[in-house]
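Trainee: Dropping in work_6.cif, which is mmCIF, C-alpha atoms:
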data_target
#
loop_
_atom_site.label_atom_id
_atom_site.label_comp_id
_atom_site.auth_asym_id
_atom_site.auth_seq_id
_atom_site.Cartn_x
_atom_site.Cartn_y
_atom_site.Cartn_z
CA MET A 1424 0.00 0.00 0.00
CA ASN A 1425 1.45 3.30 -0.99
CA ARG A 1426 1.73 6.27 1.31
CA LYS A 1427 -1.06 8.23 -0.41
CA TYR A 1428 -3.73 5.60 0.31
CA PHE A 1429 -2.52 5.17 3.91
CA TYR A 1430 -3.09 8.88 4.68
CA ALA A 1431 -6.53 8.87 3.15
CA ILE A 1432 -7.66 5.88 5.15
CA SER A 1433 -6.27 7.41 8.36
CA VAL A 1434 -8.25 10.62 7.82
CA LEU A 1435 -11.47 8.68 7.26
CA VAL A 1436 -10.93 6.64 10.43
CA VAL A 1437 -10.33 9.81 12.45
CA LEU A 1438 -13.46 11.45 11.04
CA LEU A 1439 -15.55 8.35 11.78
CA ILE A 1440 -14.33 8.15 15.35
CA GLY A 1441 -14.96 11.89 15.84
CA GLY A 1442 -18.50 11.60 14.45
CA ILE A 1443 -19.29 8.71 16.71
CA PHE A 1444 -17.92 10.57 19.73
CA LEU A 1445 -19.85 13.75 18.87
CA ALA A 1446 -23.12 11.89 18.30
CA TYR A 1447 -22.67 10.09 21.61
CA HIS A 1448 -22.21 13.32 23.53
CA GLN A 1449 -25.12 15.06 21.81
CA GLY A 1450 -27.45 12.13 22.59
CA GLU A 1451 -26.19 12.01 26.15
CA ASP A 1452 -26.75 15.74 26.66
CA HIS A 1453 -30.24 15.60 25.17
CA GLY A 1454 -31.11 12.56 27.27
CA LEU A 1455 -29.82 14.21 30.38
CA THR A 1456 -31.78 17.38 29.64
CA VAL A 1457 -35.05 15.57 28.93
CA GLY A 1458 -34.61 13.23 31.84
CA PHE A 1459 -33.72 16.03 34.23
CA GLN A 1460 -36.71 18.16 33.16
CA ALA A 1461 -39.15 15.26 33.46
CA GLY A 1462 -37.75 14.32 36.82
CA PHE A 1463 -37.84 17.89 38.01
CA ASP A 1464 -41.41 18.39 36.85
CA GLU A 1465 -42.61 15.20 38.48
CA GLY A 1466 -40.73 15.95 41.66
CA GLU A 1467 -42.09 19.50 41.80
CA GLU A 1468 -45.63 18.31 41.18
CA MET A 1469 -45.42 15.56 43.76
CA GLY A 1470 -43.78 17.86 46.23
CA TYR A 1471 -46.39 20.57 45.65
CA LYS A 1472 -49.24 18.13 45.98
CA THR A 1473 -47.83 16.52 49.07
CA GLY A 1474 -47.10 19.86 50.66
CA SER A 1475 -50.51 21.30 49.76
CA ASN A 1476 -52.42 18.26 50.94
CA ASP A 1477 -50.56 18.11 54.21
CA GLY A 1478 -51.03 21.83 54.80
CA PHE A 1479 -54.68 21.76 53.81
CA ASN A 1480 -55.40 18.74 55.96
CA ARG A 1481 -53.68 20.28 58.95
CA GLY A 1482 -55.61 23.54 58.48
CA PHE A 1483 -58.92 21.79 57.81
CA ASN A 1484 -58.57 19.50 60.78
CA LYS A 1485 -57.59 22.38 63.07
CA LYS A 1486 -60.48 24.54 61.88
CA PHE A 1487 -63.17 21.91 62.11
CA ASP A 1488 -61.77 20.37 65.25
CA ASP A 1489 -62.66 23.68 66.94
CA ILE A 1490 -66.10 23.67 65.34
CA TYR A 1491 -66.72 20.10 66.45
CA LYS A 1492 -65.69 21.00 69.98
CA ILE A 1493 -68.01 24.00 69.94
CA ASP A 1494 -70.86 21.98 68.50
CA SER A 1495 -70.26 19.20 71.02
CA ALA A 1496 -70.28 21.64 73.91
CA PHE A 1497 -73.61 23.12 72.87
CA LYS A 1498 -75.10 19.71 72.22
CA ASP A 1499 -74.24 18.92 75.82
CA ILE A 1500 -76.36 21.82 77.04
CA SER A 1501 -78.99 21.99 74.29
CA GLY A 1502 -82.31 20.62 75.44
CA GLN A 1503 -81.32 21.05 79.07
CA PHE A 1504 -81.69 24.77 79.62
CA LYS A 1505 -85.30 25.59 80.52
CA PRO A 1506 -85.59 29.05 82.06
CA SER A 1507 -88.39 29.90 84.45
CA VAL A 1508 -90.22 32.78 82.77
CA ASP A 1509 -93.80 33.76 81.94
CA LYS A 1510 -94.05 32.36 78.42
CA VAL A 1511 -97.61 33.53 77.84
CA ALA A 1512 -96.65 37.08 78.82
CA ILE A 1513 -93.71 36.97 76.41
CA VAL A 1514 -95.89 35.84 73.51
CA ASN A 1515 -98.57 38.41 74.36
CA SER A 1516 -96.08 41.25 74.15
CA LEU A 1517 -93.98 40.19 71.15
CA ALA A 1518 -96.50 40.68 68.33
CA GLU A 1519 -97.46 44.12 69.63
CA ILE A 1520 -93.93 45.43 69.29
CA THR A 1521 -93.65 47.40 66.08
CA SER A 1522 -92.35 50.87 65.40
CA ASP A 1523 -95.76 52.37 66.19
CA GLY A 1524 -97.40 49.53 68.11
CA PRO A 1525 -98.71 49.71 71.68
CA GLY A 1526 -95.89 47.47 72.86
CA ARG A 1527 -93.13 49.74 71.55
CA ASP A 1528 -91.76 50.03 75.08
CA SER A 1529 -92.46 46.77 76.84
CA PRO A 1530 -91.01 46.54 80.35
CA GLY A 1531 -92.46 43.06 80.71
CA LEU A 1532 -90.49 41.80 77.73
CA GLU A 1533 -87.30 43.43 78.94
CA ASP A 1534 -87.70 41.84 82.37
CA ASN A 1535 -88.16 38.41 80.83
CA PHE A 1536 -85.24 38.96 78.45
CA LYS A 1537 -83.04 39.79 81.43
CA LYS A 1538 -84.27 36.76 83.38
CA ILE A 1539 -83.52 34.46 80.46
CA ASN A 1540 -79.98 35.71 79.98
CA LYS A 1541 -79.11 35.73 83.67
CA GLN A 1542 -80.49 32.22 84.09
CA PHE A 1543 -78.47 31.16 81.05
CA ILE A 1544 -75.28 32.61 82.55
CA SER A 1545 -76.00 30.78 85.81
CA TYR A 1546 -76.68 27.61 83.88
CA LEU A 1547 -73.35 27.84 82.05
CA ALA A 1548 -71.56 28.63 85.28
CA ASN A 1549 -73.00 25.51 86.92
CA THR A 1550 -72.36 23.38 83.85
CA TYR A 1551 -68.66 24.28 83.83
CA TYR A 1552 -68.25 24.12 87.61
CA LEU A 1553 -67.66 27.75 88.45
CA SER A 1554 -67.73 28.81 92.05
CA ASN A 1555 -70.60 30.83 93.48
CA GLN A 1556 -68.32 33.86 93.68
CA GLU A 1557 -67.39 33.58 90.00
CA ARG A 1558 -71.02 33.16 89.00
CA GLU A 1559 -72.04 36.26 90.93
CA LEU A 1560 -69.24 38.21 89.33
CA LEU A 1561 -70.51 37.23 85.88
CA LEU A 1562 -74.07 38.21 86.80
CA GLN A 1563 -72.88 41.60 88.05
CA ARG A 1564 -71.09 42.18 84.78
CA TYR A 1565 -74.27 41.32 82.90
CA ASP A 1566 -76.38 43.68 85.01
CA ALA A 1567 -73.98 46.49 84.17
CA SER A 1568 -74.28 45.92 80.42
CA HIS A 1569 -77.88 44.68 80.17
CA THR A 1570 -79.52 47.94 79.08
CA ASP A 1571 -77.19 48.51 76.14
CA ILE A 1572 -77.44 44.91 75.01
CA TYR A 1573 -81.23 44.82 75.27
CA ARG A 1574 -81.75 48.09 73.42
CA ALA A 1575 -79.53 46.97 70.54
CA SER A 1576 -81.32 43.64 70.32
CA PHE A 1577 -84.69 45.31 70.72
CA GLU A 1578 -84.15 47.63 67.77
CA ASP A 1579 -83.30 44.68 65.54
CA PHE A 1580 -86.41 42.91 66.74
CA VAL A 1581 -88.62 45.94 66.01
CA ASP A 1582 -87.25 46.12 62.46
CA LEU A 1583 -88.00 42.43 61.87
CA ASN A 1584 -91.54 42.79 63.21
CA ASN A 1585 -92.16 45.81 61.01
CA GLU A 1586 -91.14 43.78 57.97
CA THR A 1587 -93.26 40.73 58.81
CA PHE A 1588 -96.33 42.21 60.53
CA ILE A 1589 -99.69 41.64 58.76
CA GLU A 1590 -102.85 43.56 59.57
CA ASP A 1591 -105.41 41.14 61.01
CA GLU A 1592 -108.28 42.38 58.90
CA GLU A 1593 -106.39 41.68 55.68
CA VAL A 1594 -106.48 37.88 55.91
CA LEU A 1595 -108.56 35.13 57.45
CA PHE A 1596 -105.72 33.73 59.56
CA THR A 1597 -102.55 35.57 60.57
CA GLN A 1598 -99.42 34.20 62.19
CA ASN A 1599 -98.14 37.43 63.68
CA ASN A 1600 -97.55 35.83 67.06
CA PHE A 1601 -95.64 32.86 65.64
CA THR A 1602 -93.61 35.10 63.34
CA SER A 1603 -92.74 37.41 66.23
CA VAL A 1604 -91.46 34.48 68.28
CA SER A 1605 -89.33 33.42 65.32
CA ASN A 1606 -87.94 36.96 65.17
CA PHE A 1607 -87.25 36.75 68.89
CA GLU A 1608 -84.92 33.78 68.34
CA GLY A 1609 -82.24 36.08 66.99
CA VAL A 1610 -82.53 38.30 70.04
CA LEU A 1611 -81.95 35.31 72.30
CA GLY A 1612 -78.97 34.28 70.16
CA LYS A 1613 -77.36 37.66 70.79
CA GLY A 1614 -77.94 37.19 74.48
CA ALA A 1615 -76.16 33.85 74.34
CA CYS A 1616 -73.21 35.41 72.52
CA LEU A 1617 -73.07 38.09 75.22
CA ALA A 1618 -72.92 35.39 77.88
CA MET A 1619 -69.98 33.77 76.14
CA GLY A 1620 -68.34 37.17 75.86
CA LEU A 1621 -68.50 37.51 79.62
CA PHE A 1622 -66.92 34.10 80.03
CA THR A 1623 -64.02 35.08 77.78
CA GLY A 1624 -63.42 38.55 79.21
CA SER A 1625 -60.88 37.41 81.81
CA VAL A 1626 -63.51 37.93 84.47
CA VAL A 1627 -63.17 34.37 85.62
CA ASP A 1628 -60.76 31.54 84.89
CA VAL A 1629 -62.80 28.99 82.99
CA PRO A 1630 -61.20 25.88 81.40
CA VAL A 1631 -63.32 26.39 78.27
CA ASN A 1632 -62.41 30.06 77.79
CA SER A 1633 -60.69 29.32 74.48
CA LEU A 1634 -63.73 27.42 73.32
CA PHE A 1635 -66.13 30.31 73.98
CA LEU A 1636 -63.64 32.72 72.51
CA SER A 1637 -63.62 30.70 69.29
CA VAL A 1638 -67.39 30.85 69.14
CA ALA A 1639 -67.50 34.57 69.81
CA LYS A 1640 -65.13 35.24 66.91
CA GLU A 1641 -67.12 33.23 64.38
CA ASN A 1642 -70.15 34.43 62.44
CA PHE A 1643 -72.01 31.27 63.35
CA CYS A 1644 -72.10 32.28 67.01
CA GLU A 1645 -75.82 33.10 67.17
CA THR A 1646 -76.77 30.05 65.11
CA ILE A 1647 -75.02 27.61 67.41
CA ALA A 1648 -75.82 29.47 70.60
CA THR A 1649 -79.52 29.59 69.82
CA ALA A 1650 -79.55 25.79 70.08
CA ALA A 1651 -79.37 26.19 73.84
CA PHE A 1652 -82.74 27.96 73.75
CA LEU A 1653 -84.61 25.41 71.64
CA PRO A 1654 -86.81 24.09 74.49
CA LEU A 1655 -87.83 27.64 75.38
CA ILE A 1656 -88.42 28.65 71.75
CA GLU A 1657 -90.47 25.51 71.14
CA GLU A 1658 -92.77 26.34 74.05
CA LEU A 1659 -93.06 29.96 72.94
CA LYS A 1660 -93.94 28.91 69.40
CA ARG A 1661 -96.65 26.55 70.60
CA GLN A 1662 -98.10 29.32 72.74
CA ALA A 1663 -97.91 31.62 69.72
CA ILE A 1664 -99.85 29.15 67.55
CA ILE A 1665 -102.57 29.00 70.22
CA LYS A 1666 -102.75 32.78 70.35
CA ASP A 1667 -102.85 33.04 66.54
CA TYR A 1668 -105.85 30.72 66.49
CA GLU A 1669 -107.53 32.60 69.32
CA GLN A 1670 -107.12 35.94 67.58
CA SER A 1671 -108.42 34.52 64.31
CA THR A 1672 -111.41 32.65 65.81
CA ILE A 1673 -113.99 35.37 65.19
CA ARG A 1674 -112.97 35.73 61.54
CA ILE A 1675 -112.89 31.97 61.01
CA LYS A 1676 -116.33 31.48 62.60
CA SER A 1677 -117.77 34.26 60.46
CA GLN A 1678 -116.32 32.64 57.36
CA ILE A 1679 -117.79 29.25 58.30
CA GLN A 1680 -121.22 30.74 58.94
CA ARG A 1681 -121.25 32.59 55.64
CA LEU A 1682 -119.95 29.79 53.43
CA VAL A 1683 -121.96 27.02 55.06
CA ALA A 1684 -125.12 29.09 54.62
CA GLU A 1685 -124.29 29.78 50.98
CA LEU A 1686 -122.61 26.60 49.80
CA ALA A 1687 -123.31 23.73 52.20
CA THR A 1688 -126.78 23.39 50.74
CA SER A 1689 -128.55 21.17 48.27
CA GLU A 1690 -131.81 21.24 46.40
CA VAL A 1691 -134.12 18.88 44.58
CA LYS A 1692 -136.81 19.56 41.99
CA LYS A 1693 -139.89 17.38 41.61
CA GLN A 1694 -143.12 17.43 39.67
CA THR A 1695 -146.39 15.73 40.49
CA THR A 1696 -150.05 15.81 39.55
CA VAL A 1697 -152.85 15.42 42.06
CA GLU A 1698 -156.33 14.59 40.80
CA LYS A 1699 -159.18 14.73 43.26
CA ASP A 1700 -162.94 14.24 42.95
CA PHE A 1701 -165.23 15.99 45.38
CA VAL A 1702 -168.37 13.83 45.59
CA THR A 1703 -171.78 14.88 46.81
CA LYS A 1704 -174.82 12.66 47.15
CA VAL A 1705 -178.20 14.16 46.45
CA ASP A 1706 -181.52 12.59 47.47
CA TRP A 1707 -184.05 13.03 44.69
CA LEU A 1708 -187.56 11.79 45.22
CA ILE A 1709 -187.22 8.11 45.88
CA THR A 1710 -183.64 7.77 44.74
CA THR A 1711 -180.14 9.07 45.59
CA THR A 1712 -177.88 10.49 42.92
CA THR A 1713 -174.24 11.45 43.00
CA SER A 1714 -172.56 14.57 41.77
CA TRP A 1715 -168.84 15.22 41.73
CA ALA A 1716 -166.44 17.96 40.85
CA ASP A 1717 -162.95 17.35 39.43
CA VAL A 1718 -159.89 19.28 40.62
CA ASP A 1719 -156.61 18.34 38.89
CA ILE A 1720 -153.45 20.22 39.91
CA ASP A 1721 -149.95 20.06 38.38
CA ALA A 1722 -147.32 21.02 40.98
CA THR A 1723 -143.57 21.60 40.77
CA SER A 1724 -141.41 22.04 43.87
CA VAL A 1725 -137.90 23.22 44.59
CA THR A 1726 -136.76 22.00 47.99
CA LYS A 1727 -133.57 23.32 49.53
CA ALA A 1728 -131.73 21.78 52.50
CA GLY A 1729 -128.79 22.85 54.63
CA PHE A 1730 -127.72 23.70 58.18
CA LYS A 1731 -129.26 26.25 60.50
CA LEU A 1732 -126.16 27.52 62.25
CA GLN A 1733 -128.17 29.96 64.32
CA GLU A 1734 -129.65 26.93 66.07
CA TYR A 1735 -126.37 25.10 66.67
CA PHE A 1736 -122.76 25.74 65.66
CA GLU A 1737 -119.56 25.29 67.64
CA LEU A 1738 -115.90 25.72 66.76
CA VAL A 1739 -113.44 23.99 69.10
CA PHE A 1740 -109.63 24.19 69.11
CA ASP A 1741 -108.08 21.29 71.00
CA HIS A 1742 -104.49 22.50 71.21
CA GLU A 1743 -103.34 19.66 73.41
CA HIS A 1744 -104.21 17.04 70.80
CA LYS A 1745 -103.76 19.36 67.78
CA VAL A 1746 -107.36 19.00 66.61
CA ILE A 1747 -109.87 21.50 65.23
CA GLU A 1748 -113.51 20.46 65.59
CA VAL A 1749 -116.45 21.99 63.75
CA HIS A 1750 -119.83 20.97 65.17
CA LEU A 1751 -123.02 21.43 63.16
CA GLY A 1752 -126.57 20.39 63.83
CA LYS A 1753 -128.58 18.05 61.64
CA PRO A 1754 -129.11 19.09 58.03
CA GLN A 1755 -132.72 20.02 57.46
CA ILE A 1756 -135.02 21.46 54.87
CA LEU A 1757 -134.56 25.20 54.68
CA SER A 1758 -137.22 26.02 52.10
CA HIS A 1759 -139.91 24.23 50.11
CA GLU A 1760 -141.37 26.26 47.30
CA VAL A 1761 -144.24 24.91 45.20
CA ASN A 1762 -145.60 26.30 41.95
CA TYR A 1763 -148.90 24.92 40.75
CA GLN A 1764 -151.21 25.10 37.81
CA ALA A 1765 -154.78 23.89 37.54
CA ARG A 1766 -155.14 21.31 34.83
CA ASN A 1767 -158.84 20.72 35.26
CA LEU A 1768 -161.50 22.43 37.36
CA ASP A 1769 -164.86 20.84 36.55
CA ASP A 1770 -167.97 21.65 38.57
CA GLY A 1771 -170.49 18.90 39.18
CA TRP A 1772 -174.16 19.48 38.43
CA ALA A 1773 -174.76 19.62 42.13
CA VAL A 1774 -171.25 20.57 43.33
CA SER A 1775 -169.49 23.87 42.75
CA ILE A 1776 -165.72 24.05 43.18
CA LYS A 1777 -164.79 26.27 46.08
CA PRO A 1778 -161.39 27.87 46.93
CA GLU A 1779 -160.87 25.60 49.88
CA MET A 1780 -161.19 22.57 47.60
CA VAL A 1781 -158.40 23.90 45.37
CA ASN A 1782 -156.25 24.70 48.43
CA GLN A 1783 -156.77 21.21 49.74
CA VAL A 1784 -155.44 19.70 46.52
CA ILE A 1785 -152.51 22.09 46.49
CA ASN A 1786 -151.62 21.17 50.07
CA GLU A 1787 -151.76 17.48 49.21
CA ALA A 1788 -149.40 18.09 46.33
CA ARG A 1789 -147.10 20.10 48.60
CA ASP A 1790 -147.00 17.28 51.18
CA ILE A 1791 -146.26 14.67 48.55
CA LEU A 1792 -143.37 16.69 47.19
CA TYR A 1793 -142.02 17.47 50.68
CA ASP A 1794 -142.10 13.80 51.68
CA HIS A 1795 -140.27 12.85 48.51
CA ALA A 1796 -137.54 15.41 49.12
CA LEU A 1797 -137.11 14.38 52.75
CA ASN A 1798 -137.37 10.61 52.50
CA ASN A 1799 -136.87 9.58 48.91
CA SER A 1800 -133.95 11.70 47.73
CA ASN A 1801 -130.33 12.31 48.84
CA LEU A 1802 -131.11 15.93 49.67
CA LEU A 1803 -129.81 15.87 53.25
CA ASP A 1804 -126.84 13.63 52.43
CA LYS A 1805 -125.83 16.06 49.72
CA SER A 1806 -125.85 18.94 52.23
CA TRP A 1807 -123.56 16.94 54.50
CA GLU A 1808 -121.18 16.26 51.62
CA ASN A 1809 -121.15 19.93 50.61
CA ALA A 1810 -120.45 20.95 54.21
CA GLN A 1811 -117.32 18.77 54.13
CA VAL A 1812 -116.10 20.53 51.00
CA VAL A 1813 -116.71 23.96 52.57
CA ILE A 1814 -114.86 23.13 55.79
CA LYS A 1815 -111.92 21.69 53.86
CA THR A 1816 -111.80 24.78 51.65
CA ILE A 1817 -111.64 27.02 54.71
CA PHE A 1818 -109.21 25.09 56.88
CA GLN A 1819 -106.78 23.36 54.54
CA PRO A 1820 -104.90 26.59 53.66
CA ILE A 1821 -104.84 27.52 57.35
CA VAL A 1822 -103.47 24.25 58.70
CA LEU A 1823 -100.97 23.91 55.86
CA SER A 1824 -99.58 27.35 56.64
CA THR A 1825 -98.99 26.61 60.32
CA PRO A 1826 -95.76 24.99 61.53
CA GLU A 1827 -97.77 22.41 63.46
CA PRO A 1828 -100.70 21.36 61.24
CA TYR A 1829 -103.83 20.32 63.12
CA ILE A 1830 -106.30 17.58 62.30
CA VAL A 1831 -109.66 19.00 61.18
CA LYS A 1832 -112.85 17.12 62.05
CA LEU A 1833 -116.46 17.85 61.16
CA TYR A 1834 -119.43 16.67 63.19
CA ALA A 1835 -123.15 16.73 62.36
CA ASP A 1836 -126.13 15.21 64.14
CA GLY A 1837 -127.04 11.94 62.51
CA TYR A 1838 -123.76 11.70 60.60
CA GLY A 1839 -121.16 11.41 63.32
CA GLU A 1840 -117.52 12.37 62.77
CA LYS A 1841 -115.68 12.99 59.52
CA VAL A 1842 -111.93 13.68 59.34
CA ILE A 1843 -111.64 16.50 56.83
CA PHE A 1844 -107.88 16.94 56.95
CA SER A 1845 -105.11 14.85 58.51
CA PRO A 1846 -101.44 15.91 58.30
CA GLU A 1847 -100.28 12.30 58.56
CA SER A 1848 -102.39 11.21 55.58
CA GLN A 1849 -100.78 14.05 53.62
CA GLY A 1850 -97.29 13.05 54.74
CA ILE A 1851 -96.88 16.33 56.65
CA ARG A 1852 -94.75 16.60 59.77
CA LYS A 1853 -94.41 19.48 62.21
CA HIS A 1854 -91.69 21.99 61.46
CA LEU A 1855 -91.43 24.37 64.36
CA PHE A 1856 -87.78 25.00 63.50
#
With the file now loaded, output its structure as structure tokens.

Mentor:
Amino acid sequence: MNRKYFYAISVLVVLLIGGIFLAYHQGEDHGLTVGFQAGFDEGEEMGYKTGSNDGFNRGFNKKFDDIYKIDSAFKDISGQFKPSVDKVAIVNSLAEITSDGPGRDSPGLEDNFKKINKQFISYLANTYYLSNQERELLLQRYDASHTDIYRASFEDFVDLNNETFIEDEEVLFTQNNFTSVSNFEGVLGKGACLAMGLFTGSVVDVPVNSLFLSVAKENFCETIATAAFLPLIEELKRQAIIKDYEQSTIRIKSQIQRLVAELATSEVKKQTTVEKDFVTKVDWLITTTTSWADVDIDATSVTKAGFKLQEYFELVFDHEHKVIEVHLGKPQILSHEVNYQARNLDDGWAVSIKPEMVNQVINEARDILYDHALNNSNLLDKSWENAQVVIKTIFQPIVLSTPEPYIVKLYADGYGEKVIFSPESQGIRKHLF
């Protein structure tokens, strides 16, 4: 091999080795870059997710651990606190409190509001084992701030009543008393928050100070605190329902009397013809002859039946058993009108038709038609059925609008008892809260 070919081959070998080396390094760099980026991205994502989840879980658990503790504490006392106050007096005053109502300044309500809050403070003090001295210190603090707290709560209550108050004459049944008690719930919630504020004001050393402080800082304070007053609110609402019915009784009775008189009626029409011969015997010489007159009357009657509420009507509210009873007398014929027309009036040769003869036939026709309406038609039964429709029309909207729907029963002499409306049959349950 000559020198010229040797150099050429050497150059080619060097170039081949250099190309291989360069390609190797380029592939390695690219692989490292891609691998590093993928690894970095995955590591960052996993690290972010792990860090976020851990942080979120720690924050979530801390936040809701406090809420669970708060909720648990109030569940311990909810249903147990039952203050000794005049519930009827509270209900009587609440609905009258509007911006221009007669109860605008109600000392009785303020006294009861104060009693409730002070009894609640005492109850909490006993529940969390405070000494008598600490309890008295809390009560003194409340006395010092009561006026300001009550006035602020009272103004909110007046505004709510102004927004929800309905004039009695505008509707058949109003729930002003029940609505006012519902508005009063918020006032009691503020009182409960005040009590917790006293517990957290370094007045006394209470193991649950941090718990009450957490509640006081949260916007759900009144919502949770109001749970402690549920037994009281439930009793107030039941008293309010009773008072709403009492105040609406006159309007309801008037409505029943009017609609029963107009609509709980029935009528039947009937036609009949009465033919009567008036016979007279006449002695003539040695024989006796007969003469008669014919009176034929066509009669048509319209007989109307219903209830005479002026004779007997009673409306009973049984609040203990949640029953409304409407008592009516026996359905009876209210009117019996007869129109008649003479079909045939034929004098006999010896008998002249007199007015009393015609009246007699008319009366017979009237009696026949009356007996048919009373004993041979469903006239009275139809009145009873129509009365059921009327009572349901009146009371169903009322009982459906109340938080504790009542059973409605109708009674009538000779027909017994009829359940007009039953919440259970309608799948309705009480919803006082």

Trainee: Kindly indicate which residue among A:Ile1791, A:Ile1675, A:Ile1814, A:Leu1595 lies nearest to Ala1687 of chain A, using all atoms listed in the file for the distances.

Mentor: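 Closest candidate: A:Ile1814.
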
Trainee: With all atoms listed in the file as the basis for distance, which of A:Gly1531, A:Ser1806, A:Ile1520, A:Glu1608 is at the shortest distance from Glu1586 of chain A?

Mentor: A:Ile1520

Trainee: Would you mind reading off the distance between atom CA of Ser1671 of chain A and atom CA of Lys1841 of chain A, one decimal, in Å?

Mentor: 23.2 Å

Trainee: Which residues fall under the PyMOL selection byres ((chain A and resi 1689) around 12) in this file, as a PDB file with C-alpha atoms, in the coordinates of the input?

Mentor:
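This went into expr12.pdb:
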ATOM      1  CA  VAL A1683    -121.960  27.020  55.060  1.00  0.00           C
ATOM      2  CA  ALA A1684    -125.120  29.090  54.620  1.00  0.00           C
ATOM      3  CA  GLU A1685    -124.290  29.780  50.980  1.00  0.00           C
ATOM      4  CA  LEU A1686    -122.610  26.600  49.800  1.00  0.00           C
ATOM      5  CA  ALA A1687    -123.310  23.730  52.200  1.00  0.00           C
ATOM      6  CA  THR A1688    -126.780  23.390  50.740  1.00  0.00           C
ATOM      7  CA  GLU A1690    -131.810  21.240  46.400  1.00  0.00           C
ATOM      8  CA  VAL A1691    -134.120  18.880  44.580  1.00  0.00           C
ATOM      9  CA  LYS A1692    -136.810  19.560  41.990  1.00  0.00           C
ATOM     10  CA  VAL A1725    -137.900  23.220  44.590  1.00  0.00           C
ATOM     11  CA  THR A1726    -136.760  22.000  47.990  1.00  0.00           C
ATOM     12  CA  LYS A1727    -133.570  23.320  49.530  1.00  0.00           C
ATOM     13  CA  ALA A1728    -131.730  21.780  52.500  1.00  0.00           C
ATOM     14  CA  GLY A1729    -128.790  22.850  54.630  1.00  0.00           C
ATOM     15  CA  PHE A1730    -127.720  23.700  58.180  1.00  0.00           C
ATOM     16  CA  PRO A1754    -129.110  19.090  58.030  1.00  0.00           C
ATOM     17  CA  GLN A1755    -132.720  20.020  57.460  1.00  0.00           C
ATOM     18  CA  ILE A1756    -135.020  21.460  54.870  1.00  0.00           C
ATOM     19  CA  LEU A1757    -134.560  25.200  54.680  1.00  0.00           C
ATOM     20  CA  SER A1758    -137.220  26.020  52.100  1.00  0.00           C
ATOM     21  CA  HIS A1759    -139.910  24.230  50.110  1.00  0.00           C
ATOM     22  CA  ALA A1796    -137.540  15.410  49.120  1.00  0.00           C
ATOM     23  CA  LEU A1797    -137.110  14.380  52.750  1.00  0.00           C
ATOM     24  CA  SER A1800    -133.950  11.700  47.730  1.00  0.00           C
ATOM     25  CA  ASN A1801    -130.330  12.310  48.840  1.00  0.00           C
ATOM     26  CA  LEU A1802    -131.110  15.930  49.670  1.00  0.00           C
ATOM     27  CA  LEU A1803    -129.810  15.870  53.250  1.00  0.00           C
ATOM     28  CA  ASP A1804    -126.840  13.630  52.430  1.00  0.00           C
ATOM     29  CA  LYS A1805    -125.830  16.060  49.720  1.00  0.00           C
ATOM     30  CA  SER A1806    -125.850  18.940  52.230  1.00  0.00           C
ATOM     31  CA  TRP A1807    -123.560  16.940  54.500  1.00  0.00           C
ATOM     32  CA  GLU A1808    -121.180  16.260  51.620  1.00  0.00           C
ATOM     33  CA  ASN A1809    -121.150  19.930  50.610  1.00  0.00           C
ATOM     34  CA  ALA A1810    -120.450  20.950  54.210  1.00  0.00           C
TER      35      ALA A1810
END

Trainee: How far is it from atom CA of Val1749 of chain A to atom CA of Phe1736 of chain A, in Å with one decimal?

Mentor: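 Distance between the two atoms: 7.6 Å.
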
Trainee: Given the choices A:Ile1665, A:Ala1575, A:Met1780, A:Ala1548, which gets closest to Val1511 of chain A if the distance is worked out from only C-alpha atoms?

Mentor: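 The shortest atom-to-atom distance to Val1511 of chain A comes from A:Ile1665.
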
Trainee: I'd like the contact shell of segment 1717-1723 of chain A - 9 Å cut-off, only C-alpha atoms, skipping same-chain residues fewer than 3 positions apart - returned as a PyMOL selection string.

Mentor: chain A and resi 1692-1702+1760-1771+1776+1780-1781+1784-1785+1788-1789+1792

Trainee: Provide the atom CA of Asn1600 of chain A to atom CA of Ile1747 of chain A distance in Å, to one decimal place.

Mentor: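 Between atom CA of Asn1600 of chain A and atom CA of Ile1747 of chain A the gap is 19.0 Å.
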
Trainee: Have a look at A:Leu1517, A:His1750, A:Thr1570, A:Ser1724 and name the one nearest to Leu1583 of chain A; count all atoms listed in the file.

Mentor: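 So, comparing all the options, the nearest one is A:Leu1517.
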
Trainee: Give the answer as one residue: which of A:Asp1579, A:Glu1658, A:Asp1566, A:Glu1840 has the shortest atom-to-atom distance to Val1508 of chain A, using only C-alpha atoms?

Mentor: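 Using only C-alpha atoms, the shortest distance to Val1508 of chain A belongs to A:Glu1658.
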
Trainee: Given the file shown, determine the residues that the PyMOL selection byres ((chain A and resi 1660) around 9) selects; report them as a list in words.

Mentor: Val1514, Asn1600, Phe1601, Thr1602, Val1604, Ser1605, Leu1655, Ile1656, Glu1657, Glu1658, Leu1659, Arg1661, Gln1662, Ala1663, Ile1664, Ile1665, Pro1826 and Leu1855 of chain A

Trainee: From the options A:Asp1509, A:Leu1561, A:Lys1777, A:Phe1607, which residue's atoms come nearest to Leu1653 of chain A, counting only C-alpha atoms?

Mentor: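 Closest to Leu1653 of chain A, using only C-alpha atoms: A:Phe1607.
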
Trainee: Counting all atoms listed in the file, I want the residues whose atoms come within 7 Å of (-81.4, 29.4, 71.6) in the file frame, returned as a compact mmCIF listing (two decimals) with C-alpha atoms, in the coordinates of the input.

Mentor:
# COMPACT_ATOMS: atom_id res chain seq x y z
CA GLU A 1608 -84.92 33.78 68.34
CA LEU A 1611 -81.95 35.31 72.30
CA GLY A 1612 -78.97 34.28 70.16
CA ALA A 1648 -75.82 29.47 70.60
CA THR A 1649 -79.52 29.59 69.82
CA ALA A 1650 -79.55 25.79 70.08
CA ALA A 1651 -79.37 26.19 73.84
CA PHE A 1652 -82.74 27.96 73.75
CA LEU A 1653 -84.61 25.41 71.64
